[in-house]
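J.: Right, I'll just put the structure down here and ask away after.
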Amino acid sequence: MRYAAVLLMFALALGTAFLAAPDPSSPEQAPGTEEPPVAICPVFEVGNQSTSISVLSSINGVGRLSTFAAGEETGSLEFRTGVSGAVAIAAGEAGGVGINGALVEMPSETTAAASVMSGAGSLAAESCADIPTGQAFISGGSTVRGSEFQIQLINPYAGEANVELTVTSEAGIESDDRFNSVIVPALSSRTLDLSQIIPGRERISANIEMTRGSVLAFGRLATEGEVALWRAVAPGEDWWLPVPRGAGTKQMLIATPEAGEIGYQVDLYGPEGLVETHAEGVIEPHGNVVIPLAAVTTEAAGVRVITTGPVVSALRIDSAEGLAWTTGSQVTAPVWLMPGARSPQGGSGSVVVLNAGIETVTVSIRALSDETIVRDLEVNAEEVLVTNLRGAANGYRIEATGPVVALWTSQRDGAGSAAIGIPLQDE
Amino acid sequence: MAARMSQTTPQVADADTTDDTVHAPRVRILVTAVADADLGAALAVVRRQVYEPSPEVVVVGQNLDLDNGVSTAPNLEEAIRTTDSSIDYLWILHADGRPRPDALAALISEIERNEASLAGSKLLKAGTMDELESVGGATDVFGEPYSGLDEGEIDLQQYDVVREVAFVQSASMLVRRDLAQGLRGLDPLLPPVAAGLDFSQRTRLAGGKVISVPSSEVYHQARCGERGRGWREQAGRLRAMLTAYTPLTLLWVIPYDFLVSIMDSIASLLLLRWRPLVRHALSWAWNAYHLPSTIRQRRRLRLVRSEGDEELFRFHAKGSIRLRAIGEEVSGRALSIFDDDQALARGSRRIWGSPGIWGAMVAALLGLFSAWSLVITGMPNTGFSFPLEAPTVALERWFAGWNDSGLGTSAAVHPSVGLTGLLSLLWFGAEGAARTLMTVGAVVVGVVGVGRLAGRIGLRGPGRYLAGLVVIAGPGTAILVGRGSWLALLAAAVLPWAVRSAFVHPHEFGRSRFTYAGWALLWGTVLAALSPLLALAPLVTVVVWRLLGGDRSGWFLAASSLGGGVVGLAFLLDDPAWVTDASRRLDVTVGDLWPIAILVAAVPLLFNDSRLRTLGLTGGLIGLGSIAAGTLLPLAPGPQEALLIYASFGAALVVAAGLDNLSRNVFRLVAAVGAVAILVMSVGSLLNGRLGLPSGDSNQRLSFAVTLAGSEGPGRILHAAADRDLIPGEATAGPGFWYRVLDGTGTTHDEIWLPPAQDGDELLQAALVEISSGVELRPGARLGSFAIDWVVLEGPEFVLDDALLAQLDLVPTPLDPDSRVYENGESVPVAGTADDPWQRSGTGYSGERVNNEVPLAVNYDESWEPDGIHQDWSIAVDGSAGRAWYDSTGDDLALPIASLVVVVGGLVMIGLGRRRA
C-alpha cells in the first residue's frame, strides 16, 4: 500500500504541474451598448427669441421634454407625438428660460428632434444631438465687428463635466485660461462668449475635448440681428452637403482640429452633374479652407468632401434671405428625418435632396402634420432635388429608394435657417 | 496516625509533676459539637490529655444526649459567659478534632511563654499520612486565607516554630478566658475557618497576640466544614472583614473586594467554573441579609478595641490571594498547552531540554511576530475579512434569524457567524478585540494543534510544533488568507485539533472514552462552523491513516467529529450552490514549488520507521491530493476552500515527520530539506505582519455612506468591478462585471457570503443589464427601489463606467480617489419612507409608529412581522407596532437547536468522561 501511495503522490504532483486548471470564472457577457432614445437641444428663451422643440417619431408615442439649468431640472412636460408622429413644443412651456438646455426623452429609437429658434428678424434651426462623443469640433465662428459668436456647452447629465477647448483662428491657437478646464456643472449649460474673449477674429474653430463627463456643444452666431445655430460634431473624413439654391454668400468650410496637414478633395454635384475634384488641396494644421459655392452656381448643388484626416465640413449661407450655418453629414441614407422642417408663417421653406448614388431614385417627401401629405419625386443620379415645404407641418420625413442626403431651409423676412436632416440607417 | 499518637511521650506531664503545677493555669475545654462527628470519641481523646490540673470539659451544642458527668452548654457564648474567673484559659475544640495527648499542654506552654492571647494548634488531616491542614496563616486584606501549604503537603516538622499569625482555625484554639469573655467568643453565624479568622482579628484588635503552636497537634476530620471552601466560608470572611475594619478602611476595601469578586467570577467562568460566581453572589447576599447583626458585632468590638487596622495589616499578604491564584492557574494552563512532555512539571531547569518546548516557543514567537501589524493597526477589513456584528445580533442571525446579506433572505447565515458571536460574547461583547484575539490566537492554536497531534501520534521532536506554521500558512491556506479569508486562518488552526480528537494515545486507551468522544464532537463542531465541509477532514485523515497502516486512530471518534458537521448543515442546505456551483469557484493557483517540496519531503520518509513513514505518506497524500483537487477540478467555493486548507494540513504533517529528530540517515536528511523548504515558503507568506492577510479597510473607504447619510440612514452600496477580487466578500456575476450589494453602515462578517438569489436579486440583475447597456437614462431611479444610495465602481474602467457617463440621476462624487463613486438621490430608505424612515434594530427595523404599511426594501419572506405582505419583490409590514422583525419558523430552528444539542452533548460527554476517569 505504501508504494502505491508513493506512486499516487508522484501522479498527483505531475498532474498538478502539467494539467491545466479550469478557466477562471468570469462574469456574464456584457450586453451590447445601446443609446437611450434621447436628444439634447439648445434652448434660447431670451428677449424676442423663443425656441420650439420639434420631435419627430415613427410612432405615436409618449415622450418627455425636460429643461434644466444651474444643476436643476427647471421644468418637464410629457408629450405625445400623435398620429402624424411629430409634435412641436414651445420650450417655455417646459420651463425653459434664458440660455439653457433641454433633454428630450423620445418615444422610440427612430426619433429625432430639433431646436427651431425664431424671433423678430431671426430664424435658426439645428438638429438636436444624441449621446455626445468624447470630442467635438465646430468651425465657422466669427467675432469681427457686428458678429457675436458664442459656444454653448450643455451638460444634461448627473455628473459634472470638464472640457478642454482648443480655439483656433486666423491668428493661430488662441491662448486663454478660459478655454482650459472648463467646468460644466451637472444639469447645466455654460456659454462661452468668444466675442468677449477673443474679439476681432474672422474664422474661429473650436475643438472640444471632454476630460470628464460629457457635454454637447452648439455654436451660435448673431450678425445684425440674424442668428445662426449649428452644432459641434465629431470630425470625420467623408462629408456630404446638399446646397440650396440662392445668391449671396454660400461657402463650404472645411476645418480640422488636427495638428498635421490634411489633404482634401471636393466633388461638386452641380447643374452640370458631378464634377470630381472641384477643389483640392491641403489644410494647414488646426486650419481651415473655404470653398466658395455661390460663385460656381446659384442653383442647388451638392458637395462631397473626402480628406486624409479628420475634418468637419459646414455650410454657410449669408444672403438677403438670411444667415444660416449647418454641418454636413458623414453618411448617406435612404431615410431622413427633418424635425422642425416647415415653411414658417409668412415665409418659405425648402428641402434639398442630393442623390449621391449612381442610379435614379424616387424620393418620397412626407409632411408630418395632422393631414399627412406625401409627394413622390424622382431624382436622377448625382443630381440635386429642391422642393418647397408646404403647410404647417412639424417636420418632414424623406424616404428614397437609394442613398441620399437631405437638408432643409426656411426663410422669412430676411431671416433664414438651414439644417441637415437626421439619417436613419436601419429602421 | 495511631502509630504517631502512640509514640507520644507525656513530657509535659512529667514537667507538670514538679512544684510548678500548683501554679499551672486552669483550663476549661469547650468541645463544640459537630454534625456527624463522634462526640464520644472526641471526649475520650480529650480526657486523655496529659495536663494538670485536669481541665473541666464542657460540650457545646443543642440537644445533646450525653452521659452524666459531662457539662453542657447550648452555645459557645453561653459556655464562655458561664465560665468562672478561676479558669485562666478556654480550649475551644471541635468534636471532629482528635488532639494528641500533649496538645493542650503545648498550647498552654507556648501561650504563656509568648504572652499571647490566642494560640492555635497545628491541624493535620485525619486519615492521611500526616498531611498538613493548617499551621495558622496569613490572609490578604479581604480575609482570604493563605496557608502557604501545598496541596497534600506532608508534615515533616518543617513549620514547627512558634510564630505570630494572622489567624488560627477555630478547630483547636486556646484563648485567654478574660479575653474570650470580653469578645463573647466565636461568632455563632460563622463556619469554622471564618470563625477562627474573625476571632483572631478581634483578638488582635483587642491588643492580644495570636500565635500558632505547631507542637500542639490535632488531627482534624473536617466534618465541620469544607476546609475553608464553600460560600458560607466566603460569606464569613466578608463578615469578619466588615466586623474588624474601621469605616475608613471599609470605604476602599468593600469596592475593591467587589471588583475582585467580579474578576474572580469572570476568570473562573473562562476556566469553565461557574461555582465561584455563585459563591460570590451568595456571599454578598448573605452579608446583606445579616447586616444588622454585623453592625451589632462591630459595636461589641468597639468596646474592647485597642488597636487600629494597621495591626491587622501587618499580617496581610499583598494584593489579592484569590486573583493571584487565578492568575497562576491561567498561566499554568497556558504553559501546559505546549508542555505535553511535562517538562514544566519536571522543573523549570529542565524545560529547555524538551525539544517540543523549543519548537513550540520558536513557532509561536515567529507566528506572533508575524501578527505585529494586526496588533498595532488592527484587523484589515477587506476581501473576506470584516468586523463582527454585535454578539447578540450575530447569535440571533445564526439562530435562524434574518440574513441581511445582499438584499436579505431567510437562508441561514454562515455557521461562523454563530461561533464568532459566541466568542465575542465571551470576550465581554468587544467584538473588535475578540476578532483580533481570535486571529492572533489562531497562530498559537495552530502551532500547538499540530504539535499536539503529532505528539499524540508519537513524535517528540521540535519539528512538530514548527509544522504548525505550515498549517496556517501552507500552500492552500496562504492563498485563501492572501485573498482576505480570515476564517481560513481560524479553520486551519482548528483543523489539527479536530483531527487529533480522532486519535488516542496508547496509554489513554480505555480511559474516559466519553471525554474523547465529547472533545471530538466539540472540535468537529468548531471546525464545521469555520469551514463546513472541512468537518469531513478528520474522518478522511483517519481513512488515509488506516489505509497506510497507522494505528492510534478511532473510527468512532472520527465519526463523532463528523457529527459536529451538523452546525454547518443549515447553511449548506440553504445554499447548496456553495458546494455545487463551479461558476462561483475561486480563481486560485498553487505555486509549482509546493507539490515538489511536499514530494521531496514525503517520499524519503518511505524508508524510515513506520511511525514517520505513515505520517509522512499520509501528509503527502493529503497535501498533494488536496492541491490537485482544489486547483484542477472545477469545484464550487465550499469544497475548494476545504481542500486548500486541508492541503496545508497535509503539508504540515509532512513537515512534522520530516523534521522529527534529525539524523545522518540520507533519507531523513532529504526529507528534512524538503520539510525546511515547505517551512520557509510558509513563513514567507506570513511575514507581512498580518499573518498573510491583505491590508486595507474598505469599510473606511466607504464610510462616506454613513457620513453623508440623511435621517433615513446610509442605505446600501452597489459595489462593482471587472475584477472579482476587488469586491468585498462574495460577488455576483453581472453583465460584464462582478457586483454585490453592501450595507452602507459597513460590511460585517455575516455579509461575506451571498445567499441564493431571490426575486429582488433577479430584478436587480435585470436592472443592471439594462443600465450597463446604456439604455437606461435614469439608473438611480432603478437602483433606488433597492435602497441603493451609492454606486461604487472599482478597478479599471468597464462597461458600467461607460453606461454611467450619460445618465441623469447618479451623481459622480469624488469621494474616493481609488474608485468611481456615484450618489443616488432617488433611493428609498431600507425601511420606512423618506418622511418616516425606520432604522435597523437588531436583525429587524424600528421607527416611529405609523398607521399605514411600512415598506422594507428586503426580499420578501412570509415570516416578517407584523403582518408582512408581498410588495413586488419586497415587503411591507404593519407600522403600528413601530418595529418589524423576522419571526423564524419551527423548521428553520431545527438545525440550530440540533447544533446546540450537539455542543451541549459534547460538553456533557466530557463531563461524564472526567467523572468516570
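Within each chain, counting starts at residue 1; across the C-alpha cells, chains are named A, B, ... in the order shown, with ligands numbered 1 upward in that order.
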Give me, as a list of chain:residue names, the residues of segment 53-226 of chain A that a backbone DSSP run labels helix (DSSP H, G or I).

T.: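 Going through segment 53-226 of chain A, the helix (DSSP H, G or I) residues come out as A:Ala91, A:Gly92, A:Glu93, A:Ala94, A:Asp177, A:Arg178, A:Phe179, A:Leu194, A:Ser195, A:Gln196, A:Ile197.
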
J.: Can you pull out every residue within 10 Å of Thr33 of chain A, counting only C-alpha atoms, but drop anything in the same chain fewer than 3 positions away, and send it as a PyMOL selection string?

T.: (chain A and resi 30+36) or (chain B and resi 770-775+799+802-803)

J.: If you keep N, CA and C atoms, can you produce a file of those selected residues as a short mmCIF file (atom, residue, chain, number, x, y, z; two decimals), in the first residue's frame?

T.:
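Wrote result_24.cif, looks like this:
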data_model
loop_
_atom_site.label_atom_id
_atom_site.label_comp_id
_atom_site.auth_asym_id
_atom_site.auth_seq_id
_atom_site.Cartn_x
_atom_site.Cartn_y
_atom_site.Cartn_z
N ALA A 30 -21.16 40.92 -21.40
CA ALA A 30 -21.71 42.28 -21.32
C ALA A 30 -22.68 42.50 -22.48
N PRO A 36 -29.69 55.41 -25.29
CA PRO A 36 -31.08 55.69 -24.94
C PRO A 36 -31.67 56.65 -25.96
N GLU B 770 -29.77 46.30 -18.03
CA GLU B 770 -30.25 47.45 -18.81
C GLU B 770 -29.35 48.67 -18.59
N ILE B 771 -28.98 48.87 -17.35
CA ILE B 771 -28.14 50.04 -17.06
C ILE B 771 -26.80 49.93 -17.78
N SER B 772 -26.23 48.74 -17.73
CA SER B 772 -24.91 48.60 -18.36
C SER B 772 -24.99 48.66 -19.87
N SER B 773 -26.17 48.43 -20.43
CA SER B 773 -26.30 48.56 -21.88
C SER B 773 -26.34 50.03 -22.29
N GLY B 774 -26.56 50.90 -21.33
CA GLY B 774 -26.59 52.32 -21.63
C GLY B 774 -27.96 52.83 -21.98
N VAL B 775 -28.93 51.95 -22.05
CA VAL B 775 -30.25 52.37 -22.49
C VAL B 775 -31.05 53.02 -21.36
N VAL B 799 -17.68 48.26 -18.45
CA VAL B 799 -18.88 48.63 -19.19
C VAL B 799 -19.79 49.57 -18.40
N ASP B 802 -18.87 53.26 -18.76
CA ASP B 802 -19.35 53.86 -20.00
C ASP B 802 -20.83 54.18 -19.90
N ALA B 803 -21.56 53.22 -19.32
CA ALA B 803 -23.01 53.41 -19.25
C ALA B 803 -23.38 54.58 -18.35
#

J.: Only residues of chain A matter here; which ones have an atom within 10 Å of chain B, counting only C-alpha atoms? Give them as a ChimeraX atom specification.

T.: /A:1-38,103,105,131-132,155-161,186-187,212-215

J.: Measure the distance from atom CA of Gly868 of chain B to atom CA of Leu572 of chain B in Å and round it to one decimal.

T.: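 Pair atom CA of Gly868 of chain B / atom CA of Leu572 of chain B returns 26.9 Å.
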
J.: Of the candidates A:Ser195, A:Gln265, A:Ser205, A:Thr307, which one gets nearest to Gly236 of chain A if we count only C-alpha atoms?

T.: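 Of all the options, A:Thr307 lies closest to Gly236 of chain A.
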
J.: List the neighbours of Tyr264 of chain A out to 12 Å using only C-alpha atoms; skip same-chain residues closer than 3 positions along the sequence, and give me the result as an MDAnalysis selection string.

T.: chainID A and resid 236:239 253:256 261 267 277:284 288:291 304:313

J.: Keeping only C-alpha atoms, write the selected residues as a compact mmCIF listing (two decimals), in the first residue's frame.

T.:
# COMPACT_ATOMS: atom_id res chain seq x y z
CA GLY A 236 -14.61 62.63 -39.99
CA GLU A 237 -13.02 62.03 -43.35
CA ASP A 238 -16.06 61.88 -45.57
CA TRP A 239 -18.71 64.57 -45.73
CA LEU A 253 -15.86 75.49 -44.69
CA ILE A 254 -13.53 72.55 -44.14
CA ALA A 255 -11.64 72.72 -40.87
CA THR A 256 -9.50 70.34 -38.93
CA GLU A 261 -1.61 68.82 -42.59
CA ASP A 267 -16.51 66.85 -55.58
CA THR A 277 -12.11 67.21 -57.72
CA HIS A 278 -13.80 70.53 -57.96
CA ALA A 279 -11.28 71.63 -55.45
CA GLU A 280 -8.40 70.03 -53.67
CA GLY A 281 -5.52 70.98 -51.52
CA VAL A 282 -4.03 70.80 -48.10
CA ILE A 283 -5.45 72.11 -44.86
CA GLU A 284 -2.86 73.56 -42.55
CA ASN A 288 -9.43 75.55 -42.47
CA VAL A 289 -10.25 76.20 -46.06
CA VAL A 290 -13.26 77.94 -47.53
CA ILE A 291 -14.78 76.64 -50.73
CA ARG A 304 -18.79 65.68 -51.20
CA VAL A 305 -15.63 66.18 -49.21
CA ILE A 306 -13.00 63.49 -48.90
CA THR A 307 -9.97 64.11 -46.73
CA THR A 308 -6.92 62.31 -45.48
CA GLY A 309 -7.67 63.09 -41.88
CA PRO A 310 -10.43 64.17 -39.56
CA VAL A 311 -12.19 67.35 -40.54
CA VAL A 312 -15.56 68.92 -40.14
CA SER A 313 -17.36 70.35 -43.07

J.: Which residues are near Asn851 of chain B? Cut-off 9 Å, only C-alpha atoms, ignore same chain within fewer than 3 positions. Put them as a list in words.

T.: Val854, Asp878, Gly879, Ser880 and Ala881 of chain B

J.: From the set A:Cys128, A:Leu77, A:Ala91, A:Val352, which residue has the shortest atom-to-atom contact distance to Val386 of chain A, counting only C-alpha atoms?

T.: A:Val352

J.: Give me the residues within 8 Å of segment 98-101 of chain B as a ChimeraX atom specification, counting only C-alpha atoms and dropping any in the same chain fewer than 3 places off.

T.: /B:5,8,10,42,45-46,48-50,95,104,216-221

J.: Excluding same-chain residues fewer than 3 positions from segment 238-241 of chain B, what lies within 9 Å of it counting only C-alpha atoms, as a PDB file with C-alpha atoms, in the first residue's frame?

T.:
ATOM      1  CA  VAL B 141      -6.872  42.366  53.129  1.00  0.00           C
ATOM      2  CA  PHE B 142     -10.117  40.635  52.168  1.00  0.00           C
ATOM      3  CA  GLY B 143      -9.604  37.849  54.673  1.00  0.00           C
ATOM      4  CA  GLU B 144      -8.765  35.309  52.009  1.00  0.00           C
ATOM      5  CA  LEU B 190     -19.652  31.767  61.048  1.00  0.00           C
ATOM      6  CA  ALA B 194     -14.107  32.173  59.073  1.00  0.00           C
ATOM      7  CA  ALA B 195     -14.919  31.969  62.769  1.00  0.00           C
ATOM      8  CA  LEU B 197     -10.305  34.354  61.356  1.00  0.00           C
ATOM      9  CA  ASP B 198     -12.911  36.598  62.888  1.00  0.00           C
ATOM     10  CA  PHE B 199     -11.934  35.683  66.410  1.00  0.00           C
ATOM     11  CA  GLN B 201      -8.781  39.504  64.190  1.00  0.00           C
ATOM     12  CA  ARG B 202     -10.867  40.650  67.101  1.00  0.00           C
ATOM     13  CA  GLU B 233     -16.843  30.449  54.486  1.00  0.00           C
ATOM     14  CA  GLN B 234     -16.570  33.165  51.889  1.00  0.00           C
ATOM     15  CA  ALA B 235     -19.513  34.983  53.367  1.00  0.00           C
ATOM     16  CA  ALA B 244     -12.997  44.211  62.083  1.00  0.00           C
ATOM     17  CA  TYR B 245     -12.091  47.137  59.852  1.00  0.00           C
ATOM     18  CA  LEU B 250     -14.065  49.686  54.650  1.00  0.00           C
ATOM     19  CA  VAL B 253     -11.907  47.639  50.860  1.00  0.00           C
ATOM     20  CA  ASP B 257     -13.439  43.339  47.180  1.00  0.00           C
ATOM     21  CA  SER B 283     -21.751  35.675  49.918  1.00  0.00           C
ATOM     22  CA  TRP B 284     -22.782  39.249  49.237  1.00  0.00           C
ATOM     23  CA  ASN B 287     -23.998  39.562  54.286  1.00  0.00           C
ATOM     24  CA  HIS B 290     -27.124  39.706  58.131  1.00  0.00           C
ATOM     25  CA  LEU B 291     -26.014  43.303  58.037  1.00  0.00           C
ATOM     26  CA  THR B 294     -22.789  42.547  61.697  1.00  0.00           C
TER      27      THR B 294
END

J.: Name the residues of segment 722-870 of chain B that fall into strand (DSSP E) according to DSSP on the backbone, using the chain letters and numbers of this document, as a ChimeraX atom specification.

T.: /B:732-733,738-743,788-794,810-812,819-824,839-841,844-846,853-856,864-865,869-870

J.: Give me the residues within 12 Å of Leu315 of chain A as JSON, numbers by chain, counting only C-alpha atoms and dropping any in the same chain fewer than 2 places off.

T.: {"A": [138, 139, 140, 141, 228, 229, 230, 231, 239, 240, 241, 242, 243, 244, 249, 250, 251, 252, 253, 254, 255, 289, 290, 291, 292, 293, 294, 301, 302, 303, 304, 305, 312, 313, 317, 318, 323, 324, 325, 326, 327, 328, 329, 407, 409, 417, 418, 419, 420]}

J.: Find, counting only C-alpha atoms, the residue in B:Gly890, B:Pro188, B:Gly911, B:Gly696 that gets nearest to Phe386 of chain B.

T.: B:Gly696

J.: Suppose you want the space between atom CA of Asn380 of chain A and atom CA of Arg366 of chain A; what is it in Å?

T.: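 Rounded to one decimal, the two atoms are 19.4 Å apart.
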
J.: Smallest atom-to-atom distance to Ile422 of chain A: which of A:Ala113, A:Met210, A:Ile59, A:Cys41, using only C-alpha atoms?

T.: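 Nearest candidate to Ile422 of chain A out of A:Ala113, A:Met210, A:Ile59, A:Cys41: A:Ala113.
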
J.: I need the residue nearest Tyr396 of chain A from this list: A:Leu368, A:Ala381, A:Ala86, A:Val361. Use only C-alpha atoms for the distance.

T.: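 Of A:Leu368, A:Ala381, A:Ala86, A:Val361, the one nearest Tyr396 of chain A, counting only C-alpha atoms, is A:Leu368.
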
J.: What gap, in Å, lies between atom CA of Phe649 of chain B and atom CA of Gly367 of chain B?

T.: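 Distance reported for this atom pair: 16.3 Å.
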